[in-house]
Number of protein chains: 2
Amino acid sequence: MKYCTQCGNPLIFEIPHEDDRHRHICTACGVIHYENPKMVVGCIPEYGNRILLCRRAIEPRYGKWTIPAGYLENRETVTEGARREAYEEARLNMGELVPYRLYNIKHISQMYFIFRGLITDETFRPGIESLEVRLFACDEIPWDNLAFRVVAACLENFFKDRESGGFSFKIDEILPDDQ
Amino acid sequence: MKYCTQCGNPLIFEIPHEDDRHRHICTACGVIHYENPKMVVGCIPEYGNRILLCRRAIEPRYGKWTIPAGYLENRETVTEGARREAYEEARLNMGELVPYRLYNIKHISQMYFIFRGLITDETFRPGIESLEVRLFACDEIPWDNLAFRVVAACLENFFKDRESGGFSFKIDEILPDDQ
């Protein structure tokens, strides 16, 4: 972030008056540009004993497997966003979405809000951002070819919870690779 | 949003190739500026039978009562953010924070993630953004002088849940005033 979105003049990176952290401040009009974490929304789509994964047709992690998820857009609820992503990436029609996990990934200023939900019919197929979509039983999950660590953590938790019979909403954290 | 943060040139508001909604796009360098919802984090601080509210020393809603809450910052977890806000606004030392509600407020592209938690000692006092902080029993809540509708909704839900003895995490929505 180098230039002001309001007037186009250069920014400086300083602690504003009565603040306690650095912000991008406009040298001309004085506007402070706050930056905040982004929310990714998604779901674990269940179909009988199996879950659906999508193989990414886009970077990053082209060709790797993931649950349908993406950035929450302005003017949508987290549930609407997760439903939209499931449709966009796998043409999935999802039943009720139940909150499952909020993963904080603070080193990249992201949160993942993940739901559980049942696939309502067999009309799913790859959307434009997926190479293929497929149902996997627990012992078929391509653990070495998952797109993101948060996806692996989420699926591990999911199968563990399913085995113990207890799903509940929890907050968790993904730490940097070197920790 | 009028100018590019990367090169300072004017933006246009168009639907990018292979996208389905309008974005601010730079006319010179082509960068797409995505805008996403912001997360507010806060808590309902409990002390025995009462809860703590803060009277705002800042706009908007100067002089009105609220629970301690504010924008989640980059590189912090939702729990860390709620704890920081409780300390900043009321010098509160909070015990364990338990997820209570996620309120979608999509007409202003905000989410409120609210925890419940116990105040651990009596050292609370107004922070720089509060005129005063005070404990209120249910029948003392200044319902007509609360700062935001989401605060009123949250406290109504809280006292209802407390009476029925059942707290659990839920997702809810705040609609525009005219709906």
# chains A, B, ... in the order shown; residues from 1 in each chain; ligands from 1

call {"tool": "closest_atom_pairs", "arguments": {"of": "chain A", "to": "chain B", "cutoff": "7 Å", "atoms": "only C-alpha atoms", "output": "tab-separated table"}}
result
residue	atom	partner	partner_atom	distance
A:Met1	CA	B:Thr5	CA	5.1
A:Lys2	CA	B:Thr5	CA	5.4
A:Tyr3	CA	B:Thr5	CA	4.5
A:Cys4	CA	B:Thr5	CA	6.0
A:Thr5	CA	B:Tyr3	CA	4.4
A:Gln6	CA	B:Lys2	CA	5.5
A:Cys7	CA	B:Tyr3	CA	6.6
A:Gly8	CA	B:Gly8	CA	4.7
A:Asn9	CA	B:Gly8	CA	6.7
A:Glu35	CA	B:Asn74	CA	6.8
A:Asn36	CA	B:Asn74	CA	5.1
A:Pro37	CA	B:Asn74	CA	5.1
A:Lys38	CA	B:Asn36	CA	6.7
A:Leu72	CA	B:Asn36	CA	6.5
A:Glu73	CA	B:Asn36	CA	5.3
A:Asn74	CA	B:Ser109	CA	5.1
A:Arg75	CA	B:Lys106	CA	4.3
A:Glu76	CA	B:Lys106	CA	5.3
A:Thr77	CA	B:Asn104	CA	5.5
A:Asn104	CA	B:Thr77	CA	5.5
A:Lys106	CA	B:Arg75	CA	4.3
A:His107	CA	B:Arg75	CA	5.6
A:Ile108	CA	B:Arg75	CA	6.9
A:Ser109	CA	B:Arg75	CA	5.0

call {"tool": "select_by_dssp", "arguments": {"residues": "chain A", "states": "alpha helix (DSSP H)", "output": "number ranges by chain"}}
result
A: 78-90, 149-164

call {"tool": "write_last_selection", "arguments": {"atoms": "N, CA and C atoms", "output": "PDB file, in the first residue's frame"}}
result
ATOM      1  N   VAL A  78     -21.998 -15.140   6.371  1.00  0.00           N
ATOM      2  CA  VAL A  78     -21.034 -16.243   6.292  1.00  0.00           C
ATOM      3  C   VAL A  78     -21.687 -17.501   5.720  1.00  0.00           C
ATOM      4  N   THR A  79     -22.949 -17.727   6.059  1.00  0.00           N
ATOM      5  CA  THR A  79     -23.655 -18.906   5.555  1.00  0.00           C
ATOM      6  C   THR A  79     -23.910 -18.780   4.052  1.00  0.00           C
ATOM      7  N   GLU A  80     -24.353 -17.603   3.622  1.00  0.00           N
ATOM      8  CA  GLU A  80     -24.553 -17.370   2.184  1.00  0.00           C
ATOM      9  C   GLU A  80     -23.239 -17.546   1.415  1.00  0.00           C
ATOM     10  N   GLY A  81     -22.147 -17.056   1.988  1.00  0.00           N
ATOM     11  CA  GLY A  81     -20.847 -17.150   1.340  1.00  0.00           C
ATOM     12  C   GLY A  81     -20.402 -18.601   1.181  1.00  0.00           C
ATOM     13  N   ALA A  82     -20.567 -19.397   2.230  1.00  0.00           N
ATOM     14  CA  ALA A  82     -20.163 -20.809   2.171  1.00  0.00           C
ATOM     15  C   ALA A  82     -21.018 -21.557   1.146  1.00  0.00           C
ATOM     16  N   ARG A  83     -22.302 -21.236   1.097  1.00  0.00           N
ATOM     17  CA  ARG A  83     -23.215 -21.865   0.135  1.00  0.00           C
ATOM     18  C   ARG A  83     -22.827 -21.469  -1.307  1.00  0.00           C
ATOM     19  N   ARG A  84     -22.509 -20.187  -1.496  1.00  0.00           N
ATOM     20  CA  ARG A  84     -22.094 -19.712  -2.822  1.00  0.00           C
ATOM     21  C   ARG A  84     -20.828 -20.428  -3.280  1.00  0.00           C
ATOM     22  N   GLU A  85     -19.835 -20.529  -2.402  1.00  0.00           N
ATOM     23  CA  GLU A  85     -18.575 -21.188  -2.770  1.00  0.00           C
ATOM     24  C   GLU A  85     -18.804 -22.656  -3.133  1.00  0.00           C
ATOM     25  N   ALA A  86     -19.669 -23.345  -2.375  1.00  0.00           N
ATOM     26  CA  ALA A  86     -19.959 -24.757  -2.668  1.00  0.00           C
ATOM     27  C   ALA A  86     -20.580 -24.888  -4.054  1.00  0.00           C
ATOM     28  N   TYR A  87     -21.422 -23.913  -4.410  1.00  0.00           N
ATOM     29  CA  TYR A  87     -22.041 -23.966  -5.737  1.00  0.00           C
ATOM     30  C   TYR A  87     -21.031 -23.595  -6.824  1.00  0.00           C
ATOM     31  N   GLU A  88     -20.260 -22.558  -6.594  1.00  0.00           N
ATOM     32  CA  GLU A  88     -19.299 -22.101  -7.610  1.00  0.00           C
ATOM     33  C   GLU A  88     -18.254 -23.173  -7.913  1.00  0.00           C
ATOM     34  N   GLU A  89     -17.748 -23.818  -6.883  1.00  0.00           N
ATOM     35  CA  GLU A  89     -16.621 -24.724  -7.074  1.00  0.00           C
ATOM     36  C   GLU A  89     -17.036 -26.153  -7.405  1.00  0.00           C
ATOM     37  N   ALA A  90     -18.258 -26.528  -7.033  1.00  0.00           N
ATOM     38  CA  ALA A  90     -18.659 -27.932  -7.260  1.00  0.00           C
ATOM     39  C   ALA A  90     -20.127 -28.068  -7.641  1.00  0.00           C
ATOM     40  N   ARG A 149      -2.815 -26.276   4.763  1.00  0.00           N
ATOM     41  CA  ARG A 149      -2.748 -26.928   6.070  1.00  0.00           C
ATOM     42  C   ARG A 149      -4.072 -26.834   6.833  1.00  0.00           C
ATOM     43  N   VAL A 150      -4.794 -25.699   6.629  1.00  0.00           N
ATOM     44  CA  VAL A 150      -6.061 -25.554   7.340  1.00  0.00           C
ATOM     45  C   VAL A 150      -7.072 -26.605   6.871  1.00  0.00           C
ATOM     46  N   VAL A 151      -6.988 -27.013   5.607  1.00  0.00           N
ATOM     47  CA  VAL A 151      -7.885 -28.054   5.098  1.00  0.00           C
ATOM     48  C   VAL A 151      -7.547 -29.394   5.751  1.00  0.00           C
ATOM     49  N   ALA A 152      -6.273 -29.694   5.856  1.00  0.00           N
ATOM     50  CA  ALA A 152      -5.853 -30.939   6.517  1.00  0.00           C
ATOM     51  C   ALA A 152      -6.300 -30.953   7.980  1.00  0.00           C
ATOM     52  N   ALA A 153      -6.076 -29.837   8.688  1.00  0.00           N
ATOM     53  CA  ALA A 153      -6.464 -29.757  10.107  1.00  0.00           C
ATOM     54  C   ALA A 153      -7.967 -29.950  10.252  1.00  0.00           C
ATOM     55  N   CYS A 154      -8.704 -29.315   9.382  1.00  0.00           N
ATOM     56  CA  CYS A 154     -10.163 -29.370   9.459  1.00  0.00           C
ATOM     57  C   CYS A 154     -10.672 -30.780   9.217  1.00  0.00           C
ATOM     58  N   LEU A 155     -10.120 -31.448   8.215  1.00  0.00           N
ATOM     59  CA  LEU A 155     -10.573 -32.811   7.906  1.00  0.00           C
ATOM     60  C   LEU A 155     -10.162 -33.790   9.004  1.00  0.00           C
ATOM     61  N   GLU A 156      -8.958 -33.620   9.542  1.00  0.00           N
ATOM     62  CA  GLU A 156      -8.537 -34.457  10.676  1.00  0.00           C
ATOM     63  C   GLU A 156      -9.519 -34.321  11.842  1.00  0.00           C
ATOM     64  N   ASN A 157      -9.833 -33.060  12.190  1.00  0.00           N
ATOM     65  CA  ASN A 157     -10.789 -32.827  13.282  1.00  0.00           C
ATOM     66  C   ASN A 157     -12.145 -33.452  12.973  1.00  0.00           C
ATOM     67  N   PHE A 158     -12.568 -33.274  11.739  1.00  0.00           N
ATOM     68  CA  PHE A 158     -13.890 -33.766  11.336  1.00  0.00           C
ATOM     69  C   PHE A 158     -14.003 -35.282  11.518  1.00  0.00           C
ATOM     70  N   PHE A 159     -13.009 -36.028  11.011  1.00  0.00           N
ATOM     71  CA  PHE A 159     -13.105 -37.489  11.102  1.00  0.00           C
ATOM     72  C   PHE A 159     -12.945 -37.973  12.548  1.00  0.00           C
ATOM     73  N   LYS A 160     -12.110 -37.253  13.306  1.00  0.00           N
ATOM     74  CA  LYS A 160     -11.965 -37.581  14.723  1.00  0.00           C
ATOM     75  C   LYS A 160     -13.296 -37.365  15.464  1.00  0.00           C
ATOM     76  N   ASP A 161     -13.904 -36.214  15.215  1.00  0.00           N
ATOM     77  CA  ASP A 161     -15.192 -35.902  15.853  1.00  0.00           C
ATOM     78  C   ASP A 161     -16.279 -36.883  15.420  1.00  0.00           C
ATOM     79  N   ARG A 162     -16.259 -37.247  14.138  1.00  0.00           N
ATOM     80  CA  ARG A 162     -17.292 -38.157  13.645  1.00  0.00           C
ATOM     81  C   ARG A 162     -17.158 -39.514  14.310  1.00  0.00           C
ATOM     82  N   GLU A 163     -15.901 -39.938  14.505  1.00  0.00           N
ATOM     83  CA  GLU A 163     -15.691 -41.232  15.153  1.00  0.00           C
ATOM     84  C   GLU A 163     -16.142 -41.210  16.614  1.00  0.00           C
ATOM     85  N   SER A 164     -15.857 -40.109  17.296  1.00  0.00           N
ATOM     86  CA  SER A 164     -16.233 -40.011  18.710  1.00  0.00           C
ATOM     87  C   SER A 164     -17.705 -39.601  18.858  1.00  0.00           C
TER      88      SER A 164
END

call {"tool": "atom_distance", "arguments": {"atom1": "CA of Glu129 in chain A", "atom2": "CA of Ala69 in chain A"}}
result
11.0 Å

call {"tool": "residues_around", "arguments": {"residues": "range 137-146 of chain A", "least_positions_apart": "3", "cutoff": "6 Å", "atoms": "only C-alpha atoms", "output": "PyMOL selection string"}}
result
chain A and resi 50+64-66

call {"tool": "select_by_dssp", "arguments": {"residues": "chain B", "states": "strand (DSSP E or B)", "output": "PyMOL selection string"}}
result
chain B and resi 3+10-14+23-26+32-33+38-47+50-56+65-66+69-71+94-105+110-119+130-136+146+170-173

call {"tool": "residues_around", "arguments": {"residues": "Leu135 in chain A", "least_positions_apart": "3", "cutoff": "8 Å", "atoms": "only C-alpha atoms", "output": "PDB file with N, CA and C atoms, in the first residue's frame"}}
result
ATOM      1  N   TYR A  47     -21.821 -36.699   2.103  1.00  0.00           N
ATOM      2  CA  TYR A  47     -22.758 -37.479   1.290  1.00  0.00           C
ATOM      3  C   TYR A  47     -22.639 -38.919   1.755  1.00  0.00           C
ATOM      4  N   ARG A  50     -19.240 -40.426   2.899  1.00  0.00           N
ATOM      5  CA  ARG A  50     -18.128 -39.765   2.215  1.00  0.00           C
ATOM      6  C   ARG A  50     -18.251 -38.240   2.242  1.00  0.00           C
ATOM      7  N   ILE A  51     -17.150 -37.562   1.958  1.00  0.00           N
ATOM      8  CA  ILE A  51     -17.186 -36.108   1.816  1.00  0.00           C
ATOM      9  C   ILE A  51     -16.669 -35.730   0.433  1.00  0.00           C
ATOM     10  N   LEU A  52     -17.057 -34.549  -0.017  1.00  0.00           N
ATOM     11  CA  LEU A  52     -16.663 -34.102  -1.353  1.00  0.00           C
ATOM     12  C   LEU A  52     -15.466 -33.166  -1.281  1.00  0.00           C
ATOM     13  N   LEU A  53     -14.487 -33.413  -2.130  1.00  0.00           N
ATOM     14  CA  LEU A  53     -13.360 -32.494  -2.291  1.00  0.00           C
ATOM     15  C   LEU A  53     -13.282 -32.021  -3.739  1.00  0.00           C
TER      16      LEU A  53
END

call {"tool": "atom_distance", "arguments": {"atom1": "CA of Arg61 in chain B", "atom2": "CA of Ile25 in chain A"}}
result
24.8 Å

call {"tool": "atom_distance", "arguments": {"atom1": "CA of Arg125 in chain A", "atom2": "CA of Pro16 in chain B"}}
result
24.3 Å

call {"tool": "residues_around", "arguments": {"residues": "Cys43 in chain A", "least_positions_apart": "6", "cutoff": "7 Å", "atoms": "only C-alpha atoms", "output": "number ranges by chain"}}
result
A: 67-69, 82, 114-117
